[in-house]
file query_39.txt (compact mmCIF, C-alpha atoms and all ligand atoms)
# COMPACT_ATOMS: atom_id res chain seq x y z
CA MET B 476 23.05 -18.16 1.49
CA THR B 477 19.97 -19.95 0.13
CA ILE B 478 18.07 -18.65 -2.87
CA ILE B 479 14.40 -19.39 -2.23
CA ASP B 480 13.04 -21.13 -5.31
CA GLY B 481 9.48 -19.84 -5.54
CA LYS B 482 9.02 -21.42 -8.94
CA LYS B 483 9.76 -24.88 -7.56
CA VAL B 484 7.58 -24.43 -4.44
CA ALA B 485 4.74 -23.10 -6.61
CA GLN B 486 5.05 -26.12 -8.91
CA ASP B 487 4.90 -28.42 -5.86
CA ILE B 488 1.75 -26.65 -4.63
CA LEU B 489 0.14 -26.81 -8.07
CA ALA B 490 0.92 -30.55 -8.19
CA GLU B 491 -0.71 -30.98 -4.74
CA ILE B 492 -3.78 -29.08 -5.94
CA ALA B 493 -3.93 -31.16 -9.15
CA GLY B 494 -3.89 -34.34 -7.02
CA GLU B 495 -6.80 -33.07 -4.93
CA VAL B 496 -8.75 -32.04 -8.03
CA GLU B 497 -8.27 -35.49 -9.50
CA ALA B 498 -9.57 -37.07 -6.28
CA ILE B 499 -12.62 -34.75 -6.27
CA LYS B 500 -13.41 -35.62 -9.89
CA ALA B 501 -12.86 -39.34 -9.28
CA LYS B 502 -15.55 -39.17 -6.58
CA GLY B 503 -17.91 -37.49 -9.05
CA GLY B 504 -17.49 -34.04 -7.47
CA LYS B 505 -17.76 -30.73 -9.25
CA THR B 506 -14.70 -29.33 -11.06
CA PRO B 507 -13.42 -26.26 -9.16
CA HIS B 508 -14.10 -23.12 -11.17
CA LEU B 509 -12.22 -19.79 -11.02
CA ALA B 510 -13.45 -16.77 -12.96
CA ALA B 511 -11.51 -13.57 -13.65
CA ILE B 512 -12.68 -10.14 -14.71
CA LEU B 513 -10.17 -8.14 -16.74
CA VAL B 514 -10.89 -4.51 -17.61
CA GLY B 515 -8.90 -2.76 -20.36
CA ASN B 516 -5.61 -4.02 -21.74
CA ASP B 517 -2.86 -3.02 -19.34
CA GLY B 518 0.16 -5.19 -20.23
CA GLY B 519 0.90 -6.26 -16.67
CA SER B 520 -2.71 -7.20 -15.90
CA GLU B 521 -3.01 -9.09 -19.22
CA SER B 522 -0.01 -11.24 -18.45
CA TYR B 523 -1.00 -11.86 -14.80
CA VAL B 524 -4.49 -12.97 -15.80
CA ALA B 525 -3.13 -15.14 -18.64
CA SER B 526 -0.81 -16.87 -16.12
CA LYS B 527 -3.72 -17.43 -13.72
CA ILE B 528 -5.84 -19.01 -16.47
CA LYS B 529 -2.92 -21.18 -17.60
CA ALA B 530 -2.37 -22.38 -14.03
CA CYS B 531 -6.07 -23.33 -13.81
CA GLU B 532 -5.66 -25.57 -16.86
CA LYS B 533 -2.57 -27.13 -15.31
CA VAL B 534 -4.36 -28.23 -12.14
CA GLY B 535 -7.61 -29.27 -13.82
CA PHE B 536 -9.75 -26.29 -12.76
CA LYS B 537 -12.37 -24.81 -15.00
CA SER B 538 -11.71 -21.12 -15.69
CA THR B 539 -13.69 -18.27 -17.21
CA LEU B 540 -12.29 -14.94 -18.35
CA LEU B 541 -14.67 -12.01 -18.65
CA ARG B 542 -13.16 -9.06 -20.53
CA PHE B 543 -14.43 -5.49 -20.57
CA PRO B 544 -13.12 -2.43 -22.41
CA ASP B 545 -11.47 0.30 -20.30
CA TYR B 546 -14.53 2.56 -20.84
CA VAL B 547 -16.89 0.05 -19.17
CA THR B 548 -19.35 1.66 -16.75
CA GLU B 549 -19.31 0.86 -13.05
CA GLU B 550 -22.91 -0.31 -13.34
CA LYS B 551 -22.03 -2.86 -16.00
CA LEU B 552 -19.09 -4.15 -13.99
CA LEU B 553 -21.18 -4.47 -10.83
CA GLN B 554 -23.79 -6.39 -12.81
CA ALA B 555 -21.12 -8.83 -14.03
CA ILE B 556 -19.97 -9.30 -10.42
CA ALA B 557 -23.55 -9.93 -9.27
CA ASN B 558 -23.90 -12.56 -11.98
CA LEU B 559 -20.73 -14.33 -10.78
CA ASN B 560 -21.93 -14.09 -7.15
CA ASN B 561 -25.12 -15.88 -8.19
CA ASP B 562 -23.54 -18.41 -10.54
CA LYS B 563 -23.55 -21.71 -8.65
CA ASP B 564 -20.89 -23.18 -10.91
CA VAL B 565 -18.34 -20.45 -10.06
CA ASP B 566 -16.51 -21.20 -6.79
CA GLY B 567 -14.39 -18.08 -6.69
CA PHE B 568 -13.50 -15.08 -8.81
CA ILE B 569 -11.18 -12.12 -8.99
CA VAL B 570 -11.38 -8.65 -10.47
CA GLN B 571 -7.90 -7.84 -11.70
CA LEU B 572 -6.62 -4.51 -10.36
CA PRO B 573 -5.96 -1.70 -11.13
CA LEU B 574 -9.28 -0.53 -12.55
CA PRO B 575 -9.89 2.55 -14.71
CA ARG B 576 -10.61 5.89 -13.01
CA GLN B 577 -14.39 5.88 -13.55
CA ILE B 578 -14.71 2.72 -11.44
CA ASN B 579 -14.75 2.90 -7.65
CA GLU B 580 -12.36 0.13 -6.62
CA HIS B 581 -13.72 -0.17 -3.07
CA LYS B 582 -17.27 -0.50 -4.35
CA VAL B 583 -16.16 -3.27 -6.69
CA ILE B 584 -14.25 -5.15 -3.98
CA GLU B 585 -17.18 -4.90 -1.56
CA SER B 586 -19.61 -6.19 -4.16
CA VAL B 587 -17.79 -9.53 -4.40
CA LEU B 588 -19.41 -12.15 -2.16
CA PRO B 589 -16.86 -12.80 0.66
CA GLN B 590 -17.41 -16.54 0.15
CA LYS B 591 -16.16 -16.19 -3.45
CA ASP B 592 -13.50 -13.54 -2.77
CA VAL B 593 -10.48 -15.76 -3.41
CA ASP B 594 -8.27 -12.65 -3.68
CA GLY B 595 -9.03 -12.00 0.00
CA PHE B 596 -9.59 -8.28 -0.66
CA HIS B 597 -13.11 -7.92 0.77
CA PRO B 598 -13.21 -6.09 4.14
CA ILE B 599 -14.85 -9.17 5.67
CA ASN B 600 -11.92 -11.38 4.68
CA VAL B 601 -9.40 -8.73 5.76
CA GLY B 602 -11.20 -8.34 9.11
CA ARG B 603 -11.35 -12.09 9.63
CA MET B 604 -7.64 -12.34 8.88
CA VAL B 605 -6.90 -9.71 11.54
CA LEU B 606 -9.06 -11.61 14.06
CA ASN B 607 -7.49 -15.00 13.24
CA LEU B 608 -10.78 -16.37 11.89
CA PRO B 609 -11.01 -18.67 8.85
CA CYS B 610 -10.71 -16.47 5.75
CA TYR B 611 -9.13 -16.11 2.34
CA VAL B 612 -5.71 -14.51 2.84
CA SER B 613 -4.73 -12.46 -0.19
CA ALA B 614 -2.54 -14.36 -2.57
CA THR B 615 0.81 -12.56 -2.32
CA PRO B 616 1.03 -12.49 1.50
CA TYR B 617 -0.26 -16.08 1.62
CA GLY B 618 2.44 -17.04 -0.91
CA ILE B 619 5.17 -15.41 1.19
CA VAL B 620 3.97 -17.20 4.34
CA GLN B 621 4.10 -20.54 2.51
CA LEU B 622 7.62 -19.84 1.20
CA LEU B 623 8.87 -19.06 4.71
CA GLU B 624 7.14 -22.19 6.04
CA ARG B 625 8.45 -24.54 3.37
CA TYR B 626 12.02 -23.24 3.82
CA HIS B 627 11.66 -23.56 7.64
CA VAL B 628 12.69 -19.93 8.11
CA PRO B 629 12.58 -19.21 11.86
CA THR B 630 10.29 -16.27 12.63
CA SER B 631 9.46 -16.42 16.34
CA GLY B 632 10.98 -13.50 18.22
CA LYS B 633 12.61 -12.13 15.05
CA HIS B 634 12.42 -8.53 13.96
CA CYS B 635 10.53 -8.30 10.67
CA VAL B 636 10.63 -5.05 8.74
CA VAL B 637 8.03 -4.61 6.01
CA VAL B 638 8.62 -1.80 3.53
CA GLY B 639 5.40 -0.67 1.83
CA ARG B 640 1.89 -0.45 3.31
CA SER B 641 -0.33 -1.39 0.35
CA HIS B 642 -3.65 -3.09 1.07
CA ILE B 643 -2.59 -6.00 -1.15
CA VAL B 644 0.84 -6.79 0.32
CA GLY B 645 2.54 -4.62 2.95
CA SER B 646 -0.34 -4.08 5.34
CA PRO B 647 -1.58 -7.73 5.49
CA MET B 648 2.01 -8.98 5.59
CA SER B 649 2.76 -6.89 8.68
CA ILE B 650 -0.30 -8.39 10.42
CA LEU B 651 0.49 -11.98 9.45
CA MET B 652 4.10 -11.79 10.65
CA ALA B 653 3.03 -10.49 14.08
CA LYS B 654 0.37 -13.17 14.67
CA ASN B 655 0.60 -15.63 17.51
CA THR B 656 0.83 -18.55 15.10
CA LEU B 657 3.51 -21.08 14.17
CA LEU B 658 4.69 -18.83 11.37
CA GLY B 659 4.64 -15.41 12.97
CA ASN B 660 5.45 -14.13 16.44
CA CYS B 661 7.73 -11.52 14.89
CA THR B 662 8.22 -8.02 16.23
CA VAL B 663 7.10 -6.03 13.21
CA THR B 664 8.06 -2.60 11.92
CA LEU B 665 5.99 -1.30 9.01
CA CYS B 666 7.85 1.32 6.95
CA HIS B 667 6.34 3.52 4.24
CA SER B 668 6.89 6.65 2.18
CA LYS B 669 6.80 8.92 5.25
CA THR B 670 9.25 6.83 7.30
CA GLU B 671 12.26 8.86 8.38
CA ASN B 672 15.71 7.34 7.92
CA LEU B 673 14.42 4.13 6.32
CA LYS B 674 17.89 2.61 6.25
CA SER B 675 18.14 2.72 10.06
CA HIS B 676 15.07 0.43 10.17
CA THR B 677 15.95 -1.96 7.33
CA GLN B 678 19.44 -2.46 8.81
CA LYS B 679 17.81 -3.86 11.96
CA ALA B 680 15.67 -6.43 10.12
CA ASP B 681 16.15 -10.16 10.66
CA ILE B 682 13.46 -10.57 8.00
CA LEU B 683 13.09 -7.79 5.44
CA ILE B 684 10.01 -7.82 3.21
CA CYS B 685 10.24 -5.27 0.39
CA ALA B 686 7.01 -4.31 -1.35
CA LEU B 687 7.60 -0.79 -2.65
CA GLY B 688 7.55 -1.22 -6.42
CA SER B 689 10.79 0.72 -6.81
CA PRO B 690 13.35 -1.24 -8.85
CA GLU B 691 16.62 -2.07 -7.04
CA PHE B 692 15.83 0.39 -4.25
CA VAL B 693 17.27 -1.85 -1.51
CA LYS B 694 21.08 -1.85 -1.58
CA ALA B 695 23.60 -3.93 0.38
CA ASP B 696 24.25 -1.21 2.97
CA MET B 697 20.54 -1.30 3.95
CA VAL B 698 20.61 -4.99 4.90
CA LYS B 699 21.94 -6.73 8.02
CA GLU B 700 24.40 -9.62 7.66
CA GLY B 701 22.43 -12.92 7.73
CA ALA B 702 19.05 -11.33 7.02
CA VAL B 703 16.17 -13.07 5.25
CA VAL B 704 15.15 -10.86 2.30
CA ILE B 705 11.80 -11.26 0.54
CA ASP B 706 11.51 -9.19 -2.64
CA VAL B 707 7.92 -8.55 -3.69
CA GLY B 708 8.80 -5.98 -6.38
CA THR B 709 7.72 -6.76 -9.94
CA THR B 710 8.25 -3.61 -11.94
CA ARG B 711 8.22 -4.07 -15.73
CA VAL B 712 11.27 -2.36 -17.18
CA ALA B 713 12.39 -2.13 -20.81
CA SER B 714 14.99 -4.74 -21.73
CA THR B 715 16.90 -5.81 -24.81
CA GLU B 716 17.56 -9.21 -23.19
CA THR B 717 14.04 -10.59 -23.68
CA LYS B 718 11.81 -11.27 -26.67
CA SER B 719 8.94 -9.32 -25.14
CA GLY B 720 11.13 -6.20 -24.79
CA PHE B 721 10.68 -5.95 -21.03
CA LYS B 722 11.73 -7.78 -17.89
CA LEU B 723 10.56 -7.86 -14.29
CA GLN B 724 12.76 -6.09 -11.80
CA GLY B 725 12.59 -6.51 -8.04
CA ASP B 726 12.89 -3.93 -5.27
CA VAL B 727 16.24 -5.40 -4.19
CA LYS B 728 19.63 -5.03 -5.88
CA PHE B 729 20.01 -8.79 -5.86
CA ASP B 730 23.69 -9.20 -6.82
CA GLU B 731 25.01 -7.04 -4.00
CA VAL B 732 22.40 -7.93 -1.36
CA ALA B 733 22.30 -11.75 -1.83
CA PRO B 734 25.83 -12.46 -0.43
CA LYS B 735 24.79 -10.88 2.91
CA CYS B 736 21.61 -12.95 3.27
CA SER B 737 20.75 -16.26 4.90
CA PHE B 738 17.76 -16.55 2.54
CA ILE B 739 16.67 -14.37 -0.39
CA THR B 740 13.96 -14.55 -3.04
CA PRO B 741 14.95 -13.73 -6.64
CA VAL B 742 12.88 -11.78 -9.19
CA PRO B 743 11.59 -13.43 -11.28
CA GLY B 744 11.10 -16.88 -9.74
CA GLY B 745 10.58 -15.89 -6.10
CA VAL B 746 7.32 -14.49 -4.77
CA GLY B 747 5.64 -14.07 -8.19
CA PRO B 748 4.86 -17.75 -8.96
CA MET B 749 3.64 -18.21 -5.37
CA THR B 750 0.94 -15.58 -5.84
CA ILE B 751 -0.72 -17.68 -8.51
CA ALA B 752 -0.32 -20.93 -6.58
CA SER B 753 -1.95 -19.28 -3.54
CA LEU B 754 -4.86 -17.96 -5.58
CA LEU B 755 -5.51 -21.49 -6.79
CA LYS B 756 -5.19 -22.81 -3.23
CA ASN B 757 -7.84 -20.31 -2.15
CA THR B 758 -10.05 -21.39 -5.05
CA LEU B 759 -9.75 -25.02 -3.99
CA LEU B 760 -10.74 -23.99 -0.44
CA ALA B 761 -13.72 -22.16 -1.94
CA ALA B 762 -14.72 -25.24 -3.97
CA LYS B 763 -14.49 -27.38 -0.84
CA LYS B 764 -16.43 -24.74 1.13
CA GLU B 765 -13.85 -25.04 3.90
CA ILE B 766 -13.66 -21.38 4.94
CA TYR B 767 -17.36 -20.46 5.04
CA SER B 768 -19.14 -23.72 5.70
N1 LIG I 1 -3.22 -6.59 -9.14
C1 LIG I 1 -1.98 -6.79 -8.61
N2 LIG I 1 -1.99 -7.87 -7.81
C2 LIG I 1 -3.23 -8.37 -7.84
C3 LIG I 1 -3.85 -9.47 -7.20
O1 LIG I 1 -3.25 -10.24 -6.43
N3 LIG I 1 -5.17 -9.65 -7.49
C4 LIG I 1 -5.86 -8.82 -8.31
N4 LIG I 1 -7.15 -9.08 -8.51
N5 LIG I 1 -5.32 -7.79 -8.90
C5 LIG I 1 -4.01 -7.56 -8.66

call {"tool": "encode", "arguments": {"input": "query_39.txt", "output": "structure tokens"}}
result
Amino acid sequence: MTIIDGKKVAQDILAEIAGEVEAIKAKGGKTPHLAAILVGNDGGSESYVASKIKACEKVGFKSTLLRFPDYVTEEKLLQAIANLNNDKDVDGFIVQLPLPRQINEHKVIESVLPQKDVDGFHPINVGRMVLNLPCYVSATPYGIVQLLERYHVPTSGKHCVVVGRSHIVGSPMSILMAKNTLLGNCTVTLCHSKTENLKSHTQKADILICALGSPEFVKADMVKEGAVVIDVGTTRVASTETKSGFKLQGDVKFDEVAPKCSFITPVPGGVGPMTIASLLKNTLLAAKKEIYS
């Protein structure tokens, strides 16, 4: 059994990005610039955005954080997005989700210029991903693909079961794993809250990708011997073990599932760090204008 070290792979990717940034700067090029919009002060969003900004510093990107109170109007938010769309210095930007109720999330996502949508959430980027055209693939699925690639996990002809059909993870993941590409060619089953007898599906998975957001939901009896298990869950639960008073818990009961696996990602230190590395990779692509040239 191999524990997939997402922290190490993410550090390797950040080092590769830092090298490229140095080369760009040495040639007198513009410093890549990522901006983030954060609305309100949800604990999870605060810490994700703080990690993204910190990673920017690490690789030599410029970063800008725009904060708004949770009572911000949609109009004001859309204006801020328009400003970032028009700002020539900003290569890419993200609007951290979730947003407060008064804001229409779809309207916000569609107002981001696809060329600067380094989260890969805009329908144009999602559509281009489905059609195998150059696009920004959203950071978590992109991170998972890179983990599987760097650990040489065989995928062709395998049965991949994805649990969870969110727009951010489950749905794009199911599409990527079925693609006729080097990493892909899986037969994919996408399970969700209405799936009957979920266990009968997960037990058949060669590759099981869990993105439900339900701590320790996946138990040993749901997993096939030798399976590859990717745990995308990051639920914040109260803990006396940490200074912050909470810890991140995955969707998989790691201790009992890991011994059955050929590969497994831990939480924390699995998919999570890869999400940030992938966002920065997308930002570098945006700075180099490689996707929409
Ligand atoms: N909320 C949870 N995951 C993400 C993400 O990848 N990007 C943004 N913008 N918000 C999120």

call {"tool": "residues_near_ligand", "arguments": {"input": "query_39.txt", "ligand": "ligand LIG 1 (chain I)", "cutoff": "10 Å", "atoms": "all atoms listed in the file", "output": "ChimeraX atom specification"}}
result
/B:511-513,519-520,523-524,568-574,584,592-596,613-616,643-644,709,747,750-751,753-754

call {"tool": "residues_around", "arguments": {"input": "query_39.txt", "residues": "range 497-499 of chain B", "least_positions_apart": "3", "cutoff": "12 Å", "atoms": "all atoms listed in the file", "output": "ChimeraX atom specification"}}
result
/B:490-494,502-507,533-536,759,762-763

call {"tool": "axis_aligned_box", "arguments": {"input": "query_39.txt", "around": "range 668-677 of chain B", "padding_each_side": "4 Å", "output": "lines of an AutoDock Vina configuration file"}}
result
center_x = 12.5
center_y = 3.5
center_z = 6.2
size_x = 19.3
size_y = 18.9
size_z = 16.0

call {"tool": "closest_residue", "arguments": {"input": "query_39.txt", "among": "B:Glu532, B:Asp726, B:Glu691, B:Asp681", "to": "Val707 in chain B", "atoms": "only C-alpha atoms"}}
result
B:Asp726

call {"tool": "residues_around", "arguments": {"input": "query_39.txt", "residues": "His627 in chain B", "least_positions_apart": "5", "cutoff": "10 Å", "atoms": "only C-alpha atoms", "output": "PyMOL selection string"}}
result
chain B and resi 621-622+658

call {"tool": "closest_residue", "arguments": {"input": "query_39.txt", "among": "B:Ile488, B:Met476, B:Leu552, B:Leu559", "to": "Ile578 in chain B", "atoms": "all atoms listed in the file"}}
result
B:Leu552

call {"tool": "residues_around", "arguments": {"input": "query_39.txt", "residues": "range 632-641 of chain B", "least_positions_apart": "2", "cutoff": "6 Å", "atoms": "all atoms listed in the file", "output": "list of chain:residue names"}}
result
B:Thr630, B:Ile643, B:Val644, B:Gly645, B:Ser646, B:Asn660, B:Cys661, B:Thr662, B:Val663, B:Thr664, B:Leu665, B:Cys666, B:His667, B:Ala680, B:Asp681, B:Ile682, B:Leu683, B:Ile684, B:Cys685, B:Ala686, B:Leu687

call {"tool": "atom_distance", "arguments": {"input": "query_39.txt", "atom1": "CA of Gly618 in chain B", "atom2": "CA of Ile556 in chain B"}}
result
25.5 Å

call {"tool": "atom_distance", "arguments": {"input": "query_39.txt", "atom1": "CA of Ile478 in chain B", "atom2": "CA of Ala695 in chain B"}}
result
16.1 Å

call {"tool": "residues_around", "arguments": {"input": "query_39.txt", "residues": "Pro743 in chain B", "least_positions_apart": "4", "cutoff": "10 Å", "atoms": "all atoms listed in the file", "output": "list in words"}}
result
Asp480, Gly481, Lys482, Asp706, Val707, Gly708, Thr709, Lys722, Leu723, Gln724, Gly725, Gly747 and Pro748 of chain B
